[in-house]
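Quick look at protein-v2.cif (mmCIF, C-alpha atoms):
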data_entry
loop_
_atom_site.label_atom_id
_atom_site.label_comp_id
_atom_site.auth_asym_id
_atom_site.auth_seq_id
_atom_site.Cartn_x
_atom_site.Cartn_y
_atom_site.Cartn_z
CA MET A 1 -11.44 -23.69 0.47
CA THR A 2 -8.54 -23.30 2.91
CA THR A 3 -8.84 -23.41 6.68
CA VAL A 4 -6.82 -20.56 8.14
CA GLY A 5 -5.67 -20.80 11.74
CA LEU A 6 -4.92 -17.56 13.54
CA ILE A 7 -2.64 -17.50 16.54
CA GLY A 8 -3.40 -14.00 17.71
CA SER A 9 -6.64 -12.26 16.78
CA GLY A 10 -5.91 -8.58 17.29
CA ASN A 11 -5.90 -5.89 14.62
CA ILE A 12 -3.98 -7.82 11.95
CA GLY A 13 -5.36 -11.23 12.88
CA GLY A 14 -8.94 -9.99 12.93
CA THR A 15 -8.47 -8.22 9.60
CA VAL A 16 -6.95 -11.29 7.95
CA ALA A 17 -9.88 -13.32 9.30
CA ARG A 18 -12.38 -10.88 7.79
CA LEU A 19 -10.68 -10.99 4.39
CA ALA A 20 -10.38 -14.78 4.52
CA VAL A 21 -14.06 -15.31 5.35
CA ALA A 22 -15.07 -12.87 2.61
CA ALA A 23 -13.04 -15.03 0.20
CA GLY A 24 -14.83 -18.19 1.34
CA HIS A 25 -12.16 -19.63 3.63
CA GLN A 26 -12.84 -21.10 7.03
CA VAL A 27 -11.02 -19.52 9.97
CA VAL A 28 -10.19 -20.72 13.47
CA LEU A 29 -9.26 -17.82 15.73
CA SER A 30 -7.27 -17.97 18.94
CA ASN A 31 -5.59 -15.67 21.42
CA SER A 32 -3.84 -15.84 24.78
CA ARG A 33 -7.02 -15.12 26.76
CA GLY A 34 -9.16 -18.05 25.67
CA PRO A 35 -11.75 -18.80 22.94
CA GLU A 36 -14.63 -17.44 25.02
CA THR A 37 -13.18 -13.92 24.56
CA LEU A 38 -13.54 -14.26 20.77
CA GLN A 39 -17.24 -15.07 20.58
CA ASP A 40 -18.28 -11.58 19.47
CA LEU A 41 -15.78 -11.65 16.60
CA VAL A 42 -16.83 -15.19 15.64
CA ALA A 43 -20.49 -14.11 15.61
CA GLU A 44 -19.61 -11.12 13.44
CA LEU A 45 -17.69 -13.27 10.96
CA GLY A 46 -20.46 -15.86 10.64
CA PRO A 47 -20.62 -19.60 10.03
CA LEU A 48 -17.16 -19.92 8.46
CA ALA A 49 -15.52 -18.79 11.71
CA GLY A 50 -14.78 -20.59 14.94
CA ALA A 51 -12.53 -20.10 17.97
CA GLY A 52 -10.18 -22.35 19.90
CA THR A 53 -6.92 -22.43 21.76
CA PRO A 54 -3.67 -21.62 19.93
CA ALA A 55 -2.93 -25.35 19.73
CA GLU A 56 -6.36 -26.02 18.24
CA ALA A 57 -5.98 -23.21 15.70
CA ALA A 58 -2.56 -24.60 14.79
CA GLN A 59 -3.93 -28.11 14.29
CA ALA A 60 -6.94 -26.93 12.30
CA GLY A 61 -5.14 -24.65 9.87
CA ASP A 62 -4.01 -25.65 6.40
CA LEU A 63 -2.28 -22.28 6.66
CA VAL A 64 -1.60 -20.58 9.99
CA VAL A 65 -1.03 -16.88 10.66
CA VAL A 66 1.10 -16.11 13.72
CA THR A 67 0.32 -12.56 14.76
CA VAL A 68 1.46 -12.17 18.34
CA PRO A 69 3.84 -9.61 19.87
CA LEU A 70 7.40 -10.66 19.13
CA HIS A 71 8.24 -11.16 22.79
CA ALA A 72 5.64 -13.97 22.87
CA TYR A 73 6.95 -15.95 19.89
CA ARG A 74 8.33 -18.76 22.07
CA GLN A 75 4.77 -19.45 23.24
CA VAL A 76 3.66 -20.41 19.72
CA PRO A 77 2.84 -24.17 19.66
CA VAL A 78 5.56 -26.21 18.00
CA LYS A 79 4.45 -29.80 17.45
CA GLU A 80 0.98 -28.77 16.27
CA LEU A 81 2.56 -26.68 13.50
CA ALA A 82 4.94 -29.36 12.19
CA GLY A 83 4.70 -29.50 8.40
CA THR A 84 2.47 -26.41 8.24
CA THR A 85 3.00 -23.20 6.29
CA VAL A 86 3.09 -20.35 8.80
CA ILE A 87 2.74 -16.65 7.95
CA ASP A 88 4.70 -14.55 10.41
CA THR A 89 3.52 -10.96 10.89
CA ASN A 90 6.06 -10.01 13.58
CA ASN A 91 7.87 -6.71 13.92
CA TYR A 92 10.49 -5.82 16.51
CA TYR A 93 9.63 -3.02 18.89
CA PRO A 94 12.27 -2.94 21.65
CA GLU A 95 10.12 -0.75 23.88
CA ARG A 96 7.48 -3.51 23.84
CA ASP A 97 9.55 -6.66 23.28
CA GLY A 98 12.70 -5.87 25.25
CA ARG A 99 16.12 -5.84 23.67
CA ILE A 100 17.01 -8.84 21.48
CA ALA A 101 20.73 -8.78 20.78
CA GLU A 102 20.66 -10.65 17.45
CA LEU A 103 18.05 -8.26 16.10
CA ASP A 104 19.90 -5.23 17.40
CA ASP A 105 23.08 -6.31 15.61
CA GLU A 106 21.05 -7.41 12.56
CA SER A 107 22.57 -10.88 12.51
CA THR A 108 19.11 -12.36 12.08
CA THR A 109 15.51 -11.31 11.45
CA THR A 110 12.24 -11.70 13.31
CA SER A 111 10.99 -14.41 10.99
CA GLU A 112 14.24 -16.36 11.25
CA LEU A 113 13.74 -16.37 15.03
CA LEU A 114 10.27 -17.85 14.56
CA GLN A 115 11.59 -20.38 12.03
CA ALA A 116 14.21 -21.50 14.56
CA HIS A 117 11.41 -21.93 17.12
CA LEU A 118 9.37 -23.91 14.56
CA PRO A 119 12.00 -26.12 12.93
CA GLU A 120 9.49 -28.43 11.23
CA SER A 121 7.26 -25.61 9.92
CA ARG A 122 7.68 -23.53 6.79
CA VAL A 123 7.70 -19.88 7.82
CA VAL A 124 6.87 -17.10 5.36
CA LYS A 125 7.07 -13.46 6.41
CA GLY A 126 4.02 -11.42 5.44
CA PHE A 127 1.35 -8.92 6.53
CA ASN A 128 3.85 -7.14 8.78
CA ASN A 129 4.37 -4.01 6.68
CA ILE A 130 0.82 -2.71 6.24
CA PHE A 131 -1.48 -1.02 8.76
CA PHE A 132 -4.54 -3.13 9.45
CA THR A 133 -7.08 -0.53 8.24
CA HIS A 134 -5.18 -0.22 4.96
CA LEU A 135 -5.01 -4.01 4.63
CA LEU A 136 -8.79 -4.16 4.79
CA ALA A 137 -9.40 -1.15 2.54
CA LEU A 138 -7.00 -1.98 -0.30
CA ALA A 139 -8.15 -5.55 -1.04
CA ARG A 140 -9.35 -5.88 -4.64
CA PRO A 141 -10.51 -8.75 -6.88
CA ALA A 142 -8.06 -10.42 -9.23
CA GLY A 143 -7.60 -8.35 -12.37
CA ALA A 144 -8.71 -5.06 -10.79
CA ALA A 145 -6.78 -2.12 -12.21
CA ASP A 146 -6.20 -0.66 -8.76
CA ARG A 147 -4.97 -3.83 -7.04
CA SER A 148 -2.13 -3.54 -4.52
CA ALA A 149 0.73 -5.93 -3.78
CA LEU A 150 2.12 -7.32 -0.54
CA SER A 151 5.63 -8.60 0.21
CA ILE A 152 6.66 -12.06 1.31
CA ALA A 153 9.97 -13.67 2.22
CA GLY A 154 10.63 -17.33 2.86
CA ASP A 155 12.97 -20.26 2.33
CA ASP A 156 10.47 -22.84 1.03
CA PRO A 157 9.18 -22.37 -2.54
CA ALA A 158 6.02 -24.44 -1.98
CA ALA A 159 5.16 -22.47 1.15
CA LYS A 160 5.63 -19.20 -0.70
CA ALA A 161 3.40 -20.46 -3.51
CA ALA A 162 0.69 -21.33 -0.97
CA VAL A 163 0.89 -17.88 0.61
CA THR A 164 0.85 -16.21 -2.82
CA ALA A 165 -2.34 -18.11 -3.68
CA PHE A 166 -3.89 -17.11 -0.35
CA PHE A 167 -2.98 -13.45 -0.90
CA ASP A 168 -4.53 -13.61 -4.36
CA SER A 169 -7.75 -15.03 -2.93
CA ILE A 170 -8.10 -12.24 -0.36
CA GLY A 171 -7.36 -9.43 -2.80
CA TYR A 172 -3.62 -8.89 -3.26
CA ASP A 173 -0.79 -9.48 -5.69
CA THR A 174 2.50 -10.70 -4.20
CA VAL A 175 6.11 -9.60 -4.53
CA ASP A 176 8.69 -12.15 -3.40
CA ALA A 177 11.54 -10.41 -1.56
CA GLY A 178 13.61 -13.59 -1.41
CA PRO A 179 14.60 -15.87 1.50
CA LEU A 180 13.71 -15.23 5.13
CA ALA A 181 17.05 -13.49 5.61
CA GLU A 182 15.83 -10.78 3.22
CA GLY A 183 12.74 -10.11 5.33
CA TRP A 184 14.53 -7.11 6.83
CA ARG A 185 13.75 -5.28 3.59
CA PHE A 186 10.17 -4.69 4.71
CA GLN A 187 10.67 -4.54 8.46
CA ARG A 188 9.81 -1.54 10.63
CA ASP A 189 11.00 1.86 9.39
CA THR A 190 12.24 0.71 5.98
CA ALA A 191 11.16 2.13 2.62
CA ALA A 192 8.71 -0.77 2.16
CA TYR A 193 7.11 -0.45 5.61
CA ALA A 194 3.58 0.72 6.42
CA GLY A 195 3.96 4.32 5.30
CA LEU A 196 4.22 3.08 1.72
CA TYR A 197 0.52 2.17 1.80
CA ALA A 198 -0.58 5.46 3.38
CA ALA A 199 -1.64 8.66 1.65
CA ASP A 200 0.39 10.47 4.33
CA PRO A 201 3.43 8.25 4.94
CA ALA A 202 4.60 10.32 7.91
CA ASN A 203 1.33 9.68 9.74
CA PHE A 204 0.16 6.29 8.52
CA PHE A 205 -1.85 5.54 11.67
CA GLU A 206 -4.21 8.41 10.86
CA SER A 207 -3.92 8.47 7.07
CA GLY A 208 -6.13 6.89 4.48
CA PRO A 209 -4.72 4.15 2.22
CA THR A 210 -3.03 4.49 -1.13
CA ARG A 211 -2.52 1.83 -3.76
CA VAL A 212 0.90 0.17 -4.00
CA ASP A 213 1.38 -1.85 -7.17
CA ALA A 214 4.04 -4.51 -7.62
CA ALA A 215 6.51 -2.19 -9.37
CA THR A 216 6.28 0.39 -6.59
CA LEU A 217 6.76 -2.28 -3.95
CA ARG A 218 9.76 -3.80 -5.75
CA ALA A 219 11.37 -0.36 -5.93
CA ALA A 220 10.80 0.18 -2.20
CA LEU A 221 12.29 -3.22 -1.36
CA ALA A 222 15.34 -2.43 -3.49
CA ALA A 223 15.73 0.95 -1.76
CA ALA A 224 15.57 -0.52 1.76
CA ARG A 225 18.61 0.03 3.97
CA ARG A 226 19.63 -1.82 7.11
CA TYR A 227 19.36 0.16 10.32
CA ALA A 228 23.12 0.37 10.63
CA ASP A 229 23.32 1.95 7.19
CA SER A 230 20.46 4.40 7.68
#
I'd like the structure from this file rewritten - as structure tokens, please.
Amino acid sequence: MTTVGLIGSGNIGGTVARLAVAAGHQVVLSNSRGPETLQDLVAELGPLAGAGTPAEAAQAGDLVVVTVPLHAYRQVPVKELAGTTVIDTNNYYPERDGRIAELDDESTTTSELLQAHLPESRVVKGFNNIFFTHLLALARPAGAADRSALSIAGDDPAAKAAVTAFFDSIGYDTVDAGPLAEGWRFQRDTAAYAGLYAADPANFFESGPTRVDAATLRAALAAARRYADS
């Protein structure tokens, strides 16, 4: 059993918590508004779930999912996450996050920004390229013929192995896209982004899910183009 800390408990965080509890993991949820605002979700999830502050979720987690708007990444606790594997779900939306020059010129990636903020943590990019309803709907047991795969990117092999094992436990195969610097391959508006998992890729917010196996995901990652080249 793994204890999963969640810094951010919105659509993706809440969905990851549901999948984790269903797989037998404990979860500690947090958000920017305080643990008292999460009591309904904790009650829904049952005895394996609890709520705390972001620092408490960071300290409790064997694995911690950071799922906050990108503009808030500097508010993620640092010392409490030292030595911890952190899954970063961030995407860059300038209209929400403001302009970030190094992302605009593609000299870095969202997860590299978080890694720089968390120098003693081991950041792995994941969960950012699938709509939350599809993430919940496509989970399948190990060995299922219709299992889907999710992407990761990271610089630490042991951290990537831990995330791969966690993905397997909650219902997904994993495709390793390489180091954090390659995380752009499944960022917003690339071939491997959320439309890949939607029956109607042009309208993935409204569409039902569709299975994406490892071979399909690898092909999408290989086909990805940087914004400047699109």
Near-Arg225 in chain A list (10 Å; all atoms listed in the file; drop same-chain fewer than 4 positions) as a PyMOL selection string: chain A and resi 184-186+189-191+220-221+229-230
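Proximity of A:Ala145, A:Leu81, A:Leu63, A:Ala153 to Lys125 in chain A, computed with all atoms listed in the file, is greatest for A:Ala153.
Counting from CA of Ala23 in chain A, the distance to CA of Thr53 in chain A is 23.6 Å.
CA of Ile170 in chain A is positioned 25.8 Å from CA of Leu118 in chain A.
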Can you give me, as a PDB file with C-alpha atoms, keeping the file's coordinate frame, the residues this file yields under the PyMOL selection byres ((chain A and resi 9) around 8)?
ATOM      1  CA  LEU A   6      -4.920 -17.560  13.540  1.00  0.00           C
ATOM      2  CA  ILE A   7      -2.640 -17.500  16.540  1.00  0.00           C
ATOM      3  CA  GLY A   8      -3.400 -14.000  17.710  1.00  0.00           C
ATOM      4  CA  GLY A  10      -5.910  -8.580  17.290  1.00  0.00           C
ATOM      5  CA  ASN A  11      -5.900  -5.890  14.620  1.00  0.00           C
ATOM      6  CA  ILE A  12      -3.980  -7.820  11.950  1.00  0.00           C
ATOM      7  CA  GLY A  13      -5.360 -11.230  12.880  1.00  0.00           C
ATOM      8  CA  GLY A  14      -8.940  -9.990  12.930  1.00  0.00           C
ATOM      9  CA  LEU A  29      -9.260 -17.820  15.730  1.00  0.00           C
ATOM     10  CA  SER A  30      -7.270 -17.970  18.940  1.00  0.00           C
ATOM     11  CA  ASN A  31      -5.590 -15.670  21.420  1.00  0.00           C
ATOM     12  CA  THR A  67       0.320 -12.560  14.760  1.00  0.00           C
TER      13      THR A  67
END
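Take CA of Leu70 in chain A and CA of Asn90 in chain A: the distance between them is 5.7 Å.
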